[in-house]
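Novice: Got model-v6.txt for you, compact mmCIF, C-alpha atoms and all ligand atoms:
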```txt
# COMPACT_ATOMS: atom_id res chain seq x y z
CA MET A 204 -111.09 47.10 -96.12
CA THR A 205 -112.14 46.39 -99.68
CA THR A 206 -110.73 48.71 -102.31
CA ILE A 207 -113.19 50.57 -104.50
CA ASP A 208 -112.78 50.33 -108.27
CA HIS A 209 -113.79 53.81 -109.39
CA GLY A 210 -113.56 52.97 -113.09
CA ARG A 211 -115.94 50.06 -112.64
CA ILE A 212 -118.42 52.22 -110.70
CA LEU A 213 -118.27 54.93 -113.37
CA ARG A 214 -119.12 52.36 -116.05
CA LEU A 215 -122.33 51.50 -114.18
CA GLY A 216 -123.47 55.08 -114.79
CA SER A 217 -124.94 57.70 -112.48
CA SER A 218 -128.60 56.96 -113.30
CA THR A 219 -128.26 53.21 -112.71
CA LEU A 220 -126.42 53.85 -109.44
CA PHE A 221 -129.11 56.30 -108.35
CA GLU A 222 -131.86 53.79 -108.96
CA ALA A 223 -129.89 51.10 -107.12
CA GLY A 224 -129.51 53.27 -104.04
CA ARG A 225 -132.83 55.03 -104.17
CA ALA A 226 -134.89 52.87 -101.81
CA ALA A 227 -132.24 52.99 -99.10
CA GLY A 228 -131.80 56.77 -99.46
CA ALA A 229 -128.14 56.05 -100.19
CA THR A 230 -127.85 58.34 -103.20
CA ASP A 231 -128.56 62.02 -103.85
CA ILE A 232 -128.73 63.79 -107.19
CA LEU A 233 -127.32 67.30 -107.42
CA ASP A 234 -129.42 69.98 -109.09
CA PRO A 235 -129.45 68.88 -112.77
CA ALA A 236 -128.45 72.43 -113.76
CA ILE A 237 -124.93 71.35 -112.75
CA ARG A 238 -123.65 69.90 -116.04
CA PRO A 239 -120.43 68.61 -117.61
CA LEU A 240 -118.60 71.50 -119.30
CA TRP A 241 -117.46 69.34 -122.22
CA ASN A 242 -119.00 66.31 -123.92
CA GLY A 243 -117.92 63.04 -122.39
CA ALA A 244 -116.52 64.48 -119.15
CA ALA A 245 -116.91 61.88 -116.41
CA VAL A 246 -115.37 61.24 -113.01
CA CYS A 247 -115.72 59.03 -109.94
CA GLY A 248 -113.91 59.53 -106.65
CA PRO A 249 -114.21 60.50 -102.99
CA ALA A 250 -115.55 63.99 -102.32
CA TYR A 251 -113.32 66.75 -101.01
CA PRO A 252 -115.81 69.46 -99.93
CA VAL A 253 -115.02 73.15 -100.36
CA THR A 254 -117.12 76.16 -99.33
CA CYS A 255 -116.08 79.45 -100.90
CA ASP A 256 -117.17 82.94 -100.08
CA SER A 257 -119.34 84.36 -102.84
CA ALA A 258 -117.24 85.09 -105.98
CA ASP A 259 -113.99 84.24 -104.11
CA ASN A 260 -111.93 81.12 -104.91
CA LEU A 261 -109.07 81.27 -102.42
CA ALA A 262 -110.54 78.14 -100.76
CA VAL A 263 -110.35 76.33 -104.10
CA HIS A 264 -106.64 77.17 -104.51
CA ARG A 265 -106.04 75.77 -101.04
CA ALA A 266 -108.13 72.66 -101.72
CA VAL A 267 -106.04 71.83 -104.78
CA GLU A 268 -103.04 71.59 -102.46
CA LEU A 269 -104.85 69.59 -99.75
CA CYS A 270 -107.03 67.12 -101.69
CA GLU A 271 -105.72 63.54 -101.90
CA PRO A 272 -104.94 62.11 -105.34
CA GLY A 273 -108.08 60.59 -106.84
CA GLY A 274 -110.35 63.01 -105.00
CA VAL A 275 -113.12 65.11 -106.51
CA LEU A 276 -113.46 68.73 -105.36
CA MET A 277 -117.07 69.54 -104.48
CA VAL A 278 -117.30 73.32 -104.42
CA ASN A 279 -120.06 75.51 -103.03
CA GLY A 280 -119.77 78.72 -105.05
CA TRP A 281 -123.27 79.90 -104.10
CA GLY A 282 -124.46 79.53 -107.69
CA VAL A 283 -122.52 82.65 -108.69
CA ALA A 284 -121.21 83.03 -112.27
CA ALA A 285 -117.63 83.87 -111.23
CA GLY A 286 -114.55 82.02 -112.52
CA TYR A 287 -114.01 79.74 -109.51
CA TRP A 288 -112.11 77.31 -111.76
CA GLY A 289 -110.01 77.57 -114.93
CA GLU A 290 -107.09 76.16 -116.86
CA ILE A 291 -104.36 77.10 -114.37
CA LEU A 292 -106.16 75.37 -111.50
CA THR A 293 -106.74 72.43 -113.84
CA ALA A 294 -103.04 72.04 -114.56
CA ALA A 295 -102.28 72.28 -110.82
CA ALA A 296 -105.01 69.74 -110.00
CA GLN A 297 -103.71 67.31 -112.61
CA PHE A 298 -100.19 67.56 -111.18
CA GLN A 299 -101.69 66.73 -107.77
CA GLY A 300 -103.64 63.76 -109.22
CA ILE A 301 -107.05 65.24 -108.45
CA ALA A 302 -109.69 63.41 -110.49
CA GLY A 303 -112.21 66.19 -111.20
CA VAL A 304 -114.25 69.08 -109.88
CA VAL A 305 -117.92 69.91 -109.38
CA ILE A 306 -118.84 73.57 -108.81
CA ASP A 307 -122.12 75.12 -107.78
CA GLY A 308 -121.07 78.28 -109.58
CA GLY A 309 -118.99 79.27 -112.58
CA ALA A 310 -115.87 77.99 -114.34
CA ARG A 311 -113.95 79.41 -117.31
CA ASP A 312 -111.23 78.56 -119.87
CA LEU A 313 -113.45 75.76 -121.21
CA ASP A 314 -111.30 75.02 -124.28
CA GLY A 315 -108.32 74.51 -121.98
CA LEU A 316 -110.25 72.17 -119.66
CA ARG A 317 -111.41 70.10 -122.62
CA ALA A 318 -107.95 70.01 -124.22
CA ARG A 319 -106.49 68.74 -120.95
CA GLY A 320 -109.26 66.15 -120.61
CA PHE A 321 -110.05 67.29 -117.07
CA PRO A 322 -113.66 66.64 -116.00
CA VAL A 323 -115.36 69.79 -114.73
CA PHE A 324 -119.05 70.03 -113.85
CA ALA A 325 -120.52 73.46 -113.14
CA ARG A 326 -123.76 75.38 -112.95
CA THR A 327 -122.58 78.02 -115.41
CA ILE A 328 -119.67 79.51 -117.27
CA GLY A 329 -118.08 82.42 -115.40
CA MET A 330 -115.75 84.72 -117.32
CA ARG A 331 -115.34 87.21 -114.51
CA GLY A 332 -112.40 86.31 -112.24
CA ALA A 333 -113.01 85.31 -108.64
CA ALA A 334 -111.42 87.26 -105.78
CA LYS A 335 -108.73 85.54 -103.68
CA ARG A 336 -109.27 87.00 -100.24
CA SER A 337 -111.41 84.68 -98.11
CA PRO A 338 -110.10 81.33 -96.78
CA GLY A 339 -113.59 79.77 -96.83
CA GLU A 340 -113.72 76.14 -95.61
CA THR A 341 -112.10 72.96 -96.91
CA GLY A 342 -112.27 69.26 -96.18
CA GLN A 343 -115.41 69.09 -93.99
CA ARG A 344 -118.78 69.29 -95.70
CA ALA A 345 -120.30 71.53 -98.33
CA LYS A 346 -123.73 72.14 -99.80
CA VAL A 347 -123.45 71.72 -103.55
CA GLY A 348 -126.40 71.70 -105.94
CA GLY A 349 -128.81 71.38 -103.00
CA VAL A 350 -127.04 68.34 -101.51
CA THR A 351 -124.89 68.36 -98.38
CA VAL A 352 -121.76 66.40 -99.26
CA GLU A 353 -119.52 64.94 -96.57
CA SER A 354 -115.82 64.33 -96.99
CA GLY A 355 -115.38 60.81 -98.43
CA ASP A 356 -118.86 60.42 -99.91
CA LEU A 357 -118.49 58.97 -103.39
CA VAL A 358 -119.07 61.33 -106.31
CA VAL A 359 -120.16 59.85 -109.65
CA ALA A 360 -120.48 62.45 -112.40
CA ASP A 361 -121.15 61.72 -116.06
CA THR A 362 -123.28 62.88 -118.98
CA ASP A 363 -126.48 62.40 -116.97
CA GLY A 364 -125.32 64.68 -114.13
CA VAL A 365 -123.78 64.44 -110.68
CA LEU A 366 -124.63 61.81 -108.07
CA VAL A 367 -123.44 61.40 -104.48
CA VAL A 368 -123.36 57.92 -102.95
CA ARG A 369 -123.13 57.97 -99.17
CA ARG A 370 -119.80 56.59 -98.05
CA SER A 371 -121.10 53.70 -95.93
CA MET A 372 -123.39 52.53 -98.74
CA VAL A 373 -120.96 52.37 -101.66
CA SER A 374 -120.46 48.57 -101.65
CA LYS A 375 -124.16 47.79 -101.42
CA VAL A 376 -125.18 50.36 -104.05
CA THR A 377 -122.47 49.10 -106.42
CA ALA A 378 -123.55 45.47 -106.03
CA ASP A 379 -127.21 46.38 -106.54
CA ALA A 380 -126.34 48.49 -109.59
CA GLU A 381 -124.45 45.56 -111.13
CA GLU A 382 -127.55 43.43 -110.67
CA ARG A 383 -129.62 46.15 -112.31
CA VAL A 384 -127.25 46.35 -115.28
CA ARG A 385 -127.64 42.58 -115.83
CA TYR A 386 -131.44 42.99 -115.76
CA GLU A 387 -131.37 45.98 -118.13
CA ASN A 388 -129.00 44.20 -120.54
CA GLU A 389 -131.51 41.36 -120.72
CA LEU A 390 -134.27 43.89 -121.48
CA LEU A 391 -132.09 45.55 -124.14
CA ASN A 392 -131.45 42.19 -125.80
CA ARG A 393 -135.11 41.36 -125.95
CA VAL A 394 -136.25 44.84 -127.09
CA THR A 395 -133.60 44.79 -129.82
CA LYS A 396 -135.20 41.58 -131.09
CA GLY A 397 -138.63 43.21 -131.24
CA GLU A 398 -140.24 42.40 -127.90
CA ARG A 399 -142.38 45.23 -126.58
CA THR A 400 -141.61 47.17 -123.41
CA LEU A 401 -145.34 46.99 -122.61
CA ASP A 402 -145.03 43.18 -122.37
CA LEU A 403 -141.61 42.95 -120.76
CA LEU A 404 -142.49 45.42 -118.02
CA GLN A 405 -146.05 44.08 -117.69
CA LEU A 406 -147.56 47.48 -118.43
CA ARG A 407 -150.57 46.39 -120.50
CA ALA A 408 -152.81 45.83 -117.50
CA THR A 409 -152.28 49.45 -116.45
CA LEU A 410 -153.43 50.61 -119.89
CA ASP A 411 -156.67 48.61 -119.81
O1 LIG B 501 -108.26 82.72 -111.67
C1 LIG B 501 -108.51 81.60 -111.21
O2 LIG B 501 -108.22 81.29 -110.05
C2 LIG B 501 -109.28 80.63 -112.06
C3 LIG B 501 -108.73 80.52 -113.43
O3 LIG B 501 -109.13 81.21 -114.36
C4 LIG B 501 -107.65 79.53 -113.68
O4 LIG B 501 -107.37 78.70 -112.82
O5 LIG B 501 -107.09 79.56 -114.81
MG MG B 502 -107.75 81.17 -116.16
```
Starting from the file, give its structure as structure tokens.
Ligand SMILES: O=C([O-])CC(=O)C(=O)O
Ligand SMILES: [Mg+2]

Specialist:
Amino acid sequence: MTTIDHGRILRLGSSTLFEAGRAAGATDILDPAIRPLWNGAAVCGPAYPVTCDSADNLAVHRAVELCEPGGVLMVNGWGVAAGYWGEILTAAAQFQGIAGVVIDGGARDLDGLRARGFPVFARTIGMRGAAKRSPGETGQRAKVGGVTVESGDLVVADTDGVLVVRRSMVSKVTADAEERVRYENELLNRVTKGERTLDLLQLRATLD
């Protein structure tokens, strides 16, 4: 088994990875309303899916104990603006080695998350505390931002948004994205020197 270099994949960027996997249907973009909660937040790691009951985060507290180090919690919070995540869970997740969290719902204590440098992506801020009554579901699959995420799919989340790369396709998508970066760097070089995108991308014929 080849090991996956998550830092290297993150440097390729979510948009480049999406384009690389697009034709094969290997990548899915979460609803772009799910955004980083502080500037520069970014994370890459295997998904640990969590489905909460509406406005209840007991499943999240359990997931923080069960998720493997390096994992990314992918939480279905039904789009509700409750505080499914906050600074206490962040400190617990960091102790556990969890890499980040994506929530289709609310998170709070944003200054604390930023100060701790923990990447959190969420649909909204949620000041109101979540209940802690329903066990929900952990570790199987979860629908987050319109995408069904399986345990072990690769999550790549950065300033552009949140991408899921299907587990069996990670090597191919990564290799294709590296090729794409080489091509785009060449374009950047030439555009920086004054060449026109209309020429480089052979777009003039379409204009005529
Ligand atoms: O109450 C919760 O479970 C969420 C929260 O604010 C924290 O983790 O600090
Ligand atoms: Mg809190």

Novice: What is the distance, in Å and to one decimal place, between atom CA of A:Ala295 and atom CA of A:Ala334?

Specialist: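 Going from atom CA of A:Ala295 over to atom CA of A:Ala334 covers 18.3 Å.
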
Novice: Output the neighbourhood of ligand MG 502 (chain B) as a PyMOL selection string, that is, all protein and nucleic acid residues with some atom at most 10 Å from the ligand, counting all atoms listed in the file.

Specialist: chain A and resi 286-293+310-313+315-316+330-332

Novice: Nearest to A:Ile328 among A:Glu389, A:Asp208, A:Asp307, A:Glu271, with distances taken over only C-alpha atoms: which residue is it?

Specialist: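 Nearest candidate to A:Ile328 out of A:Glu389, A:Asp208, A:Asp307, A:Glu271: A:Asp307.
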
Novice: Report, in Å to a single decimal, how far apart atom CA of A:Gly280 and atom CA of A:Thr327 are.

Specialist: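 Separation between atom CA of A:Thr327 and atom CA of A:Gly280: 10.8 Å.
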
Novice: Nearest to A:Ala236 among A:Asp411, A:Glu222, A:Gly339, A:Gly349, with distances taken over only C-alpha atoms: which residue is it?

Specialist: A:Gly349
